[in-house]
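A.B. asks: For reference, this is final28.pdb, and it has PDB, C-alpha atoms.
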MODEL        1
ATOM      1  CA  MET E   1      28.946 -65.121   9.316
ATOM      2  CA  THR E   2      28.981 -62.255   6.811
ATOM      3  CA  ARG E   3      32.139 -60.127   6.910
ATOM      4  CA  ILE E   4      31.699 -56.435   6.116
ATOM      5  CA  LEU E   5      34.107 -53.516   5.815
ATOM      6  CA  VAL E   6      32.649 -50.049   6.492
ATOM      7  CA  THR E   7      34.895 -47.152   5.477
ATOM      8  CA  GLY E   8      34.280 -43.617   6.684
ATOM      9  CA  ALA E   9      32.979 -45.066   9.939
ATOM     10  CA  ARG E  10      33.208 -41.812  11.899
ATOM     11  CA  GLY E  11      30.926 -39.918   9.510
ATOM     12  CA  GLN E  12      27.169 -39.527   9.869
ATOM     13  CA  LEU E  13      26.245 -42.551   7.794
ATOM     14  CA  GLY E  14      29.052 -44.665   9.212
ATOM     15  CA  GLN E  15      27.837 -44.102  12.757
ATOM     16  CA  CYS E  16      24.207 -44.757  11.801
ATOM     17  CA  LEU E  17      25.316 -47.979  10.087
ATOM     18  CA  HIS E  18      27.020 -49.039  13.298
ATOM     19  CA  ASP E  19      23.717 -48.584  15.163
ATOM     20  CA  VAL E  20      21.824 -50.691  12.603
ATOM     21  CA  LEU E  21      24.379 -53.430  11.868
ATOM     22  CA  ALA E  22      25.229 -53.992  15.545
ATOM     23  CA  LYS E  23      21.752 -55.475  16.051
ATOM     24  CA  ASP E  24      22.553 -58.449  13.776
ATOM     25  CA  PRO E  25      24.778 -61.067  15.464
ATOM     26  CA  ASP E  26      25.395 -62.782  12.122
ATOM     27  CA  LEU E  27      27.430 -59.817  10.852
ATOM     28  CA  ASP E  28      31.147 -59.407  11.507
ATOM     29  CA  VAL E  29      31.770 -55.729  10.759
ATOM     30  CA  THR E  30      35.107 -53.907  10.604
ATOM     31  CA  TYR E  31      34.805 -50.129  10.883
ATOM     32  CA  THR E  32      37.653 -47.982   9.555
ATOM     33  CA  ASP E  33      38.443 -44.297   9.188
ATOM     34  CA  SER E  34      41.364 -42.428   7.651
ATOM     35  CA  GLU E  35      43.558 -43.221  10.674
ATOM     36  CA  THR E  36      43.013 -46.984  10.581
ATOM     37  CA  LEU E  37      42.873 -47.482   6.788
ATOM     38  CA  ASP E  38      44.161 -44.992   4.216
ATOM     39  CA  ILE E  39      41.929 -45.772   1.265
ATOM     40  CA  THR E  40      43.952 -43.390  -0.925
ATOM     41  CA  ASP E  41      46.872 -45.856  -0.624
ATOM     42  CA  ARG E  42      46.291 -48.581  -3.223
ATOM     43  CA  GLU E  43      48.710 -51.115  -1.748
ATOM     44  CA  GLU E  44      47.377 -50.664   1.793
ATOM     45  CA  VAL E  45      43.803 -51.135   0.576
ATOM     46  CA  ASP E  46      44.686 -54.203  -1.463
ATOM     47  CA  HIS E  47      46.520 -55.840   1.451
ATOM     48  CA  PHE E  48      43.795 -55.043   3.980
ATOM     49  CA  ILE E  49      40.975 -56.433   1.850
ATOM     50  CA  ARG E  50      42.944 -59.521   0.802
ATOM     51  CA  GLU E  51      43.911 -60.379   4.383
ATOM     52  CA  ASN E  52      40.459 -59.888   5.922
ATOM     53  CA  LYS E  53      38.407 -61.789   3.344
ATOM     54  CA  PHE E  54      35.369 -59.494   3.360
ATOM     55  CA  ASP E  55      32.078 -60.337   1.688
ATOM     56  CA  TYR E  56      31.001 -56.694   1.370
ATOM     57  CA  ILE E  57      32.544 -53.229   1.373
ATOM     58  CA  ILE E  58      30.268 -50.312   2.275
ATOM     59  CA  ASN E  59      32.120 -47.161   1.269
ATOM     60  CA  CYS E  60      30.845 -44.205   3.303
ATOM     61  CA  ALA E  61      34.156 -42.344   3.104
ATOM     62  CA  ALA E  62      34.002 -39.083   1.167
ATOM     63  CA  TYR E  63      35.390 -35.581   0.983
ATOM     64  CA  THR E  64      32.161 -33.682   1.647
ATOM     65  CA  ALA E  65      33.389 -30.125   2.309
ATOM     66  CA  VAL E  66      31.629 -28.915  -0.834
ATOM     67  CA  ASP E  67      32.890 -25.320  -0.801
ATOM     68  CA  LYS E  68      36.411 -26.145   0.376
ATOM     69  CA  ALA E  69      36.719 -28.656  -2.478
ATOM     70  CA  GLU E  70      36.712 -25.771  -4.963
ATOM     71  CA  THR E  71      40.256 -24.913  -3.835
ATOM     72  CA  ASP E  72      41.265 -28.277  -2.338
ATOM     73  CA  ASP E  73      40.540 -30.197  -5.517
ATOM     74  CA  LEU E  74      43.513 -32.580  -5.288
ATOM     75  CA  ARG E  75      42.457 -33.897  -1.884
ATOM     76  CA  ALA E  76      38.813 -34.096  -2.954
ATOM     77  CA  ALA E  77      39.854 -36.119  -6.011
ATOM     78  CA  ALA E  78      42.088 -38.397  -3.931
ATOM     79  CA  VAL E  79      39.229 -39.370  -1.607
ATOM     80  CA  ASN E  80      36.194 -39.174  -3.890
ATOM     81  CA  THR E  81      37.793 -40.602  -7.030
ATOM     82  CA  GLY E  82      41.166 -42.290  -6.535
ATOM     83  CA  ALA E  83      40.249 -44.067  -3.309
ATOM     84  CA  VAL E  84      37.081 -45.444  -4.899
ATOM     85  CA  GLY E  85      39.187 -46.870  -7.702
ATOM     86  CA  ASN E  86      41.472 -48.507  -5.130
ATOM     87  CA  LEU E  87      38.530 -50.127  -3.346
ATOM     88  CA  ALA E  88      36.980 -51.193  -6.650
ATOM     89  CA  GLN E  89      40.092 -52.944  -7.931
ATOM     90  CA  ALA E  90      40.740 -54.701  -4.618
ATOM     91  CA  ALA E  91      37.098 -55.770  -4.375
ATOM     92  CA  ASP E  92      37.131 -57.143  -7.913
ATOM     93  CA  ARG E  93      40.339 -59.120  -7.312
ATOM     94  CA  ASN E  94      38.953 -60.629  -4.109
ATOM     95  CA  GLY E  95      35.337 -61.250  -5.121
ATOM     96  CA  VAL E  96      33.879 -58.657  -2.754
ATOM     97  CA  ARG E  97      30.541 -56.904  -3.320
ATOM     98  CA  VAL E  98      30.602 -53.110  -2.965
ATOM     99  CA  ILE E  99      27.968 -50.618  -1.827
ATOM    100  CA  HIS E 100      29.201 -47.103  -2.554
ATOM    101  CA  ILE E 101      27.512 -43.856  -1.502
ATOM    102  CA  SER E 102      27.316 -41.042  -4.034
ATOM    103  CA  THR E 103      25.434 -37.766  -4.348
ATOM    104  CA  ASP E 104      22.793 -35.665  -6.086
ATOM    105  CA  TYR E 105      25.598 -33.213  -6.954
ATOM    106  CA  VAL E 106      26.444 -35.350  -9.999
ATOM    107  CA  PHE E 107      23.436 -33.671 -11.663
ATOM    108  CA  PRO E 108      23.286 -30.056 -12.889
ATOM    109  CA  GLY E 109      20.136 -29.358 -10.885
ATOM    110  CA  ASN E 110      18.392 -27.369 -13.602
ATOM    111  CA  GLY E 111      15.448 -29.728 -14.198
ATOM    112  CA  TYR E 112      11.877 -29.792 -12.922
ATOM    113  CA  ARG E 113      11.227 -33.508 -12.426
ATOM    114  CA  PRO E 114      12.887 -36.095 -10.198
ATOM    115  CA  TYR E 115      16.183 -37.332 -11.601
ATOM    116  CA  GLU E 116      16.242 -40.950 -12.757
ATOM    117  CA  GLU E 117      19.366 -43.085 -12.481
ATOM    118  CA  ASN E 118      19.956 -42.999 -16.240
ATOM    119  CA  ASP E 119      19.594 -39.220 -16.600
ATOM    120  CA  GLU E 120      22.698 -37.531 -17.959
ATOM    121  CA  PRO E 121      24.953 -36.340 -15.111
ATOM    122  CA  TYR E 122      26.597 -32.938 -15.397
ATOM    123  CA  PRO E 123      28.185 -31.812 -12.126
ATOM    124  CA  ARG E 124      28.730 -28.099 -11.588
ATOM    125  CA  SER E 125      31.151 -28.302  -8.672
ATOM    126  CA  ILE E 126      34.481 -29.952  -7.890
ATOM    127  CA  TYR E 127      32.748 -32.084  -5.274
ATOM    128  CA  GLY E 128      30.144 -33.298  -7.778
ATOM    129  CA  ARG E 129      32.748 -33.917 -10.465
ATOM    130  CA  THR E 130      35.015 -35.966  -8.190
ATOM    131  CA  LYS E 131      32.074 -38.039  -6.949
ATOM    132  CA  LEU E 132      30.949 -38.743 -10.518
ATOM    133  CA  GLU E 133      34.467 -39.749 -11.526
ATOM    134  CA  GLY E 134      34.526 -42.083  -8.521
ATOM    135  CA  GLU E 135      31.322 -43.688  -9.771
ATOM    136  CA  GLY E 136      32.982 -44.163 -13.148
ATOM    137  CA  LEU E 137      36.040 -45.905 -11.721
ATOM    138  CA  LEU E 138      33.882 -48.155  -9.577
ATOM    139  CA  THR E 139      31.714 -49.329 -12.457
ATOM    140  CA  SER E 140      34.778 -49.756 -14.702
ATOM    141  CA  PHE E 141      36.799 -51.881 -12.288
ATOM    142  CA  CYS E 142      34.126 -53.732 -10.317
ATOM    143  CA  GLN E 143      31.152 -55.393 -11.955
ATOM    144  CA  ASN E 144      29.660 -56.373  -8.593
ATOM    145  CA  ALA E 145      29.104 -52.851  -7.267
ATOM    146  CA  LEU E 146      25.961 -51.050  -6.192
ATOM    147  CA  ILE E 147      25.989 -47.232  -6.115
ATOM    148  CA  ILE E 148      23.469 -45.326  -3.994
ATOM    149  CA  ARG E 149      23.117 -41.613  -4.703
ATOM    150  CA  THR E 150      21.608 -39.683  -1.819
ATOM    151  CA  ALA E 151      21.061 -36.044  -0.847
ATOM    152  CA  TRP E 152      20.688 -33.571   2.022
ATOM    153  CA  LEU E 153      21.953 -36.046   4.608
ATOM    154  CA  TYR E 154      21.559 -35.290   8.321
ATOM    155  CA  SER E 155      21.564 -37.273  11.569
ATOM    156  CA  GLN E 156      22.151 -37.062  15.295
ATOM    157  CA  TYR E 157      25.870 -37.442  14.583
ATOM    158  CA  GLY E 158      28.546 -35.097  13.265
ATOM    159  CA  SER E 159      27.966 -31.744  11.600
ATOM    160  CA  ASN E 160      24.970 -31.188   9.344
ATOM    161  CA  PHE E 161      22.335 -28.646   8.328
ATOM    162  CA  VAL E 162      19.804 -29.646  10.989
ATOM    163  CA  LYS E 163      22.299 -29.267  13.824
ATOM    164  CA  THR E 164      23.568 -25.994  12.364
ATOM    165  CA  MET E 165      20.048 -24.554  12.346
ATOM    166  CA  LEU E 166      19.538 -25.614  15.972
ATOM    167  CA  ARG E 167      22.783 -23.903  16.922
ATOM    168  CA  LEU E 168      21.826 -20.719  15.078
ATOM    169  CA  ALA E 169      18.456 -20.736  16.814
ATOM    170  CA  ASN E 170      20.268 -20.535  20.140
ATOM    171  CA  GLU E 171      22.193 -17.503  18.933
ATOM    172  CA  ASN E 172      19.600 -15.587  16.881
ATOM    173  CA  LYS E 173      15.931 -14.673  16.931
ATOM    174  CA  GLU E 174      15.879 -14.398  13.139
ATOM    175  CA  ILE E 175      17.523 -16.557  10.444
ATOM    176  CA  ASN E 176      17.766 -16.186   6.657
ATOM    177  CA  VAL E 177      17.517 -19.478   4.740
ATOM    178  CA  VAL E 178      17.643 -20.234   1.014
ATOM    179  CA  ALA E 179      14.174 -21.064  -0.333
ATOM    180  CA  ASP E 180      14.828 -21.657  -4.051
ATOM    181  CA  GLN E 181      16.943 -24.829  -3.817
ATOM    182  CA  ILE E 182      14.659 -27.874  -3.915
ATOM    183  CA  GLY E 183      15.480 -31.433  -2.879
ATOM    184  CA  THR E 184      14.684 -33.991  -0.188
ATOM    185  CA  PRO E 185      16.111 -34.109   3.343
ATOM    186  CA  THR E 186      17.428 -37.596   4.120
ATOM    187  CA  TYR E 187      17.879 -39.047   7.594
ATOM    188  CA  ALA E 188      21.097 -41.073   7.611
ATOM    189  CA  GLY E 189      19.466 -43.614   9.934
ATOM    190  CA  ASP E 190      16.925 -44.436   7.217
ATOM    191  CA  LEU E 191      19.656 -44.801   4.593
ATOM    192  CA  ALA E 192      21.581 -47.093   6.954
ATOM    193  CA  GLN E 193      18.473 -49.250   7.405
ATOM    194  CA  ALA E 194      17.993 -49.377   3.617
ATOM    195  CA  ILE E 195      21.596 -50.539   3.175
ATOM    196  CA  TYR E 196      21.024 -53.265   5.765
ATOM    197  CA  ASP E 197      17.822 -54.359   3.995
ATOM    198  CA  ILE E 198      19.757 -54.620   0.730
ATOM    199  CA  LEU E 199      22.482 -56.680   2.422
ATOM    200  CA  ARG E 200      19.880 -59.077   3.785
ATOM    201  CA  ASN E 201      17.920 -59.324   0.536
ATOM    202  CA  PRO E 202      18.626 -62.620  -1.302
ATOM    203  CA  LYS E 203      18.629 -60.644  -4.541
ATOM    204  CA  TRP E 204      21.762 -58.671  -5.492
ATOM    205  CA  VAL E 205      21.367 -56.386  -8.508
ATOM    206  CA  PRO E 206      24.444 -54.239  -9.207
ATOM    207  CA  GLY E 207      23.966 -50.781 -10.684
ATOM    208  CA  ILE E 208      23.101 -47.204  -9.754
ATOM    209  CA  TYR E 209      20.212 -46.413  -7.406
ATOM    210  CA  HIS E 210      18.756 -43.319  -5.786
ATOM    211  CA  TYR E 211      17.738 -43.104  -2.142
ATOM    212  CA  THR E 212      16.367 -40.173  -0.149
ATOM    213  CA  ASN E 213      13.394 -39.861   2.126
ATOM    214  CA  GLU E 214      10.033 -39.350   0.425
ATOM    215  CA  GLY E 215       8.693 -35.901  -0.350
ATOM    216  CA  VAL E 216      10.100 -32.584  -1.519
ATOM    217  CA  ALA E 217      11.304 -29.516   0.380
ATOM    218  CA  SER E 218      13.454 -26.408   0.207
ATOM    219  CA  TRP E 219      16.070 -25.544   2.813
ATOM    220  CA  TYR E 220      13.566 -22.962   4.044
ATOM    221  CA  ASP E 221      10.855 -25.650   4.385
ATOM    222  CA  LEU E 222      13.257 -27.884   6.295
ATOM    223  CA  THR E 223      14.247 -25.101   8.677
ATOM    224  CA  LYS E 224      10.632 -24.155   9.348
ATOM    225  CA  ALA E 225       9.849 -27.804  10.092
ATOM    226  CA  ILE E 226      12.782 -28.098  12.521
ATOM    227  CA  PHE E 227      11.565 -25.136  14.565
ATOM    228  CA  GLU E 228       7.911 -26.167  14.418
ATOM    229  CA  ILE E 229       8.712 -29.672  15.696
ATOM    230  CA  GLN E 230      10.904 -28.283  18.464
ATOM    231  CA  LYS E 231       8.480 -25.432  19.204
ATOM    232  CA  ARG E 232      11.229 -22.852  18.803
ATOM    233  CA  ASN E 233      10.219 -19.222  18.420
ATOM    234  CA  VAL E 234      12.613 -18.224  15.635
ATOM    235  CA  LYS E 235      11.682 -16.115  12.603
ATOM    236  CA  VAL E 236      12.819 -17.719   9.341
ATOM    237  CA  ASN E 237      13.182 -15.442   6.319
ATOM    238  CA  PRO E 238      13.227 -16.989   2.834
ATOM    239  CA  ILE E 239      16.061 -15.747   0.626
ATOM    240  CA  THR E 240      17.321 -16.609  -2.850
ATOM    241  CA  THR E 241      20.510 -18.420  -3.805
ATOM    242  CA  SER E 242      21.881 -15.174  -5.239
ATOM    243  CA  GLN E 243      21.510 -13.569  -1.805
ATOM    244  CA  PHE E 244      23.678 -16.302  -0.249
ATOM    245  CA  PRO E 245      26.590 -16.873  -2.667
ATOM    246  CA  THR E 246      28.890 -19.862  -2.045
ATOM    247  CA  PRO E 247      32.153 -20.971  -3.725
ATOM    248  CA  ALA E 248      30.523 -24.187  -5.020
ATOM    249  CA  LYS E 249      27.412 -24.051  -7.169
ATOM    250  CA  ARG E 250      24.495 -25.949  -5.629
ATOM    251  CA  PRO E 251      21.843 -27.804  -7.658
ATOM    252  CA  GLN E 252      18.665 -25.709  -7.794
ATOM    253  CA  TYR E 253      16.518 -28.834  -8.135
ATOM    254  CA  SER E 254      17.892 -32.223  -7.142
ATOM    255  CA  VAL E 255      14.915 -34.360  -6.196
ATOM    256  CA  LEU E 256      15.831 -37.995  -6.893
ATOM    257  CA  SER E 257      13.408 -40.645  -8.166
ATOM    258  CA  LYS E 258      13.400 -43.688  -5.905
ATOM    259  CA  ASN E 259      11.246 -45.977  -8.061
ATOM    260  CA  LYS E 260      14.160 -48.230  -9.050
ATOM    261  CA  ILE E 261      15.387 -48.988  -5.523
ATOM    262  CA  LYS E 262      11.820 -49.407  -4.215
ATOM    263  CA  ASN E 263      10.876 -51.804  -6.995
ATOM    264  CA  THR E 264      14.116 -53.810  -6.908
ATOM    265  CA  TYR E 265      14.525 -54.164  -3.143
ATOM    266  CA  LYS E 266      10.938 -53.604  -1.960
ATOM    267  CA  LEU E 267      11.937 -50.786   0.380
ATOM    268  CA  ASP E 268       9.393 -48.809   2.379
ATOM    269  CA  ILE E 269      10.818 -45.270   2.486
ATOM    270  CA  PRO E 270       9.646 -42.860   5.222
ATOM    271  CA  TYR E 271       8.428 -39.308   4.547
ATOM    272  CA  TRP E 272      11.096 -36.714   5.315
ATOM    273  CA  ARG E 273       9.205 -34.857   8.030
ATOM    274  CA  GLU E 274       8.431 -38.061   9.956
ATOM    275  CA  SER E 275      12.126 -38.971   9.868
ATOM    276  CA  LEU E 276      13.083 -35.462  10.946
ATOM    277  CA  GLU E 277      10.858 -35.830  14.009
ATOM    278  CA  ARG E 278      12.570 -39.114  14.899
ATOM    279  CA  CYS E 279      16.019 -37.603  14.552
ATOM    280  CA  LEU E 280      15.138 -34.507  16.586
ATOM    281  CA  SER E 281      13.804 -36.701  19.374
ATOM    282  CA  LEU E 282      17.256 -38.276  19.587
ATOM    283  CA  LEU E 283      18.931 -34.873  19.802
ATOM    284  CA  LYS E 284      16.939 -33.748  22.853
TER     285      LYS E 284
ENDMDL
END
How would this structure read if it were set down as C-alpha cells?

C.D. replies:
Amino acid sequence: MTRILVTGARGQLGQCLHDVLAKDPDLDVTYTDSETLDITDREEVDHFIRENKFDYIINCAAYTAVDKAETDDLRAAAVNTGAVGNLAQAADRNGVRVIHISTDYVFPGNGYRPYEENDEPYPRSIYGRTKLEGEGLLTSFCQNALIIRTAWLYSQYGSNFVKTMLRLANENKEINVVADQIGTPTYAGDLAQAIYDILRNPKWVPGIYHYTNEGVASWYDLTKAIFEIQKRNVKVNPITTSQFPTPAKRPQYSVLSKNKIKNTYKLDIPYWRESLERCLSLLK
C-alpha cells in the first residue's frame, strides 16, 4: 500500500486528483486543506508527516489570487514559499518523495518560443516571485522532489476562466477578451492523470518539469472555443492587454515545452481543445 498526502485538496487539481487516485485500491490517500493541516506551521507539518509515514506528498496548495497577491504579499509568501519549505524539510527528514505544482508565472513571458525547464526564470508579479522562491526552497531542502510547472488551469471544479466565461455568457450577448496573451489551456483532470502516471512509473527522476495540454492559444481563442463547443451565440471581441489592465502583470507568452516530461515519463498529452470538450461535457 502506497501512502500519499495531498495538500490543497479542495482546489481544482486536488479534486481532480481525488477522482483519479480513488480508482486505485493500492493507494492510501490523505486529503488535507488549510482547516485540517496548516502547512504554514512548520511544527504541525513536521508532526503530521512523521506520524503518518507517507511515501509521497503531492502539494497542490497555493495562493493563486494573482491580483490580490500584489497587496497581500505576506500571505502569498507564507503559502507559496514558506509552506513549501516546511513540507520540503519534513519530507527530507522522513524520506518522503514530493511532487510540487508550480506555474508559468515564474517566467517573464517576453519570449517567442516555448520555455524549457532550464530557461532563466524572471517573475514579474508577487505570485510568480513567491512560487519561484517556493521552488528554490524545495530544491534546497529536499533532493527527492519533482516540480511540475503548469499554466491556465481549469476544470469542472472551483472557480476558473472557463466557468467565468460561461457565467458571463448567461449575462451578456457580447464579451471582450484579451487576445495578445499566448499560452496553453490545461485541463486539471489531465494533469491529475499525469501525476498518477508518474507515481506508478517505476522510474523516479527528481527535477523540474513542464506540463500543459498540447497546442497554443490566446484567451480569446479559448473563449471562442468554449462557445463554439457549447453552441452559444455570444459575440467575442478581441482586445489587448493594455485595454484590460490588472494589478499583476501577466506573461504575454508563456507556452511551456513538454519534451522533458514526455521523454522521461512517456506521457501521452491531449490537445487542449479535445480536453476542453471533455471538461465542458462534465459541466452540462

A.B. asks: Set the distance at 12 Å and use only C-alpha atoms: which residues neighbour E:Arg113 once local chain neighbours fewer than 2 positions away are removed? I'd like the list as a list in words.

C.D. replies: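 Close residues of E:Arg113: Gly109, Asn110, Gly111, Tyr115, Glu116, Asp119, Ile182, Gly183, Val216, Gln252, Tyr253, Ser254, Val255, Leu256 and Ser257 of chain E.
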
A.B. asks: Would you mind reading off the distance between atom CA of E:Asp55 and atom CA of E:Val29, one decimal, in Å?

C.D. replies: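 Separation between atom CA of E:Asp55 and atom CA of E:Val29: 10.2 Å.
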
A.B. asks: Tell me, as an MDAnalysis selection string, which residues lie within 12 Å of stretch 90-92 of chain E, counting all atoms listed in the file; anything in the same chain fewer than 6 positions away does not count.

C.D. replies: chainID E and resid 4:5 39 41:59 83:84 98:100 137:145

A.B. asks: To one decimal place in Å, what is the distance between atom CA of E:Gly95 and atom CA of E:Arg129?

C.D. replies: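 Between atom CA of E:Gly95 and atom CA of E:Arg129 the gap is 28.0 Å.
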
A.B. asks: Of the residues E:Ala248, E:Ile147, E:Ala169, E:Gln243, which is the one nearest to E:Ile198, using all atoms listed in the file?

C.D. replies: E:Ile147

A.B. asks: Which is closer to E:Ser102 than all the others in E:Thr64, E:Thr32, E:Thr7, E:Asn233, using all atoms listed in the file?

C.D. replies: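 Checking each of E:Thr64, E:Thr32, E:Thr7, E:Asn233 against E:Ser102, counting all atoms listed in the file, the winner is E:Thr64.
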
A.B. asks: Within 12 Å of stretch 266-274 of chain E, counting all atoms listed in the file, which residues qualify if same-chain residues fewer than 6 places away don't, as a ChimeraX atom specification?

C.D. replies: /E:151-154,183-198,200-203,210-218,221-229,257-260,280-281

A.B. asks: Which of these, E:Ser155, E:Asn118, E:Ser242, E:Thr2, has the shortest distance to E:Asp26 once you count all atoms listed in the file?

C.D. replies: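 Using all atoms listed in the file, E:Asp26 sits closest to E:Thr2.
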
A.B. asks: Go through E:Ala76, E:Cys60, E:Leu37, E:Ala179 and flag the residue nearest E:Cys16, using all atoms listed in the file for the distances.

C.D. replies: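 For E:Cys16, the nearest of the given residues is E:Cys60.
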
A.B. asks: Check the smallest atom-to-atom distance from each of E:Ala9, E:Ala69, E:Ile126, E:Val177 to E:Thr164 using only C-alpha atoms, then report the winner.

C.D. replies: E:Val177

A.B. asks: Could you check the closest approach to E:His18 for each of E:Val236, E:Leu146, E:Val6, E:Leu87 and tell me which residue wins, using all atoms listed in the file?

C.D. replies: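 Of E:Val236, E:Leu146, E:Val6, E:Leu87, the one nearest E:His18 is E:Val6, counting all atoms listed in the file.
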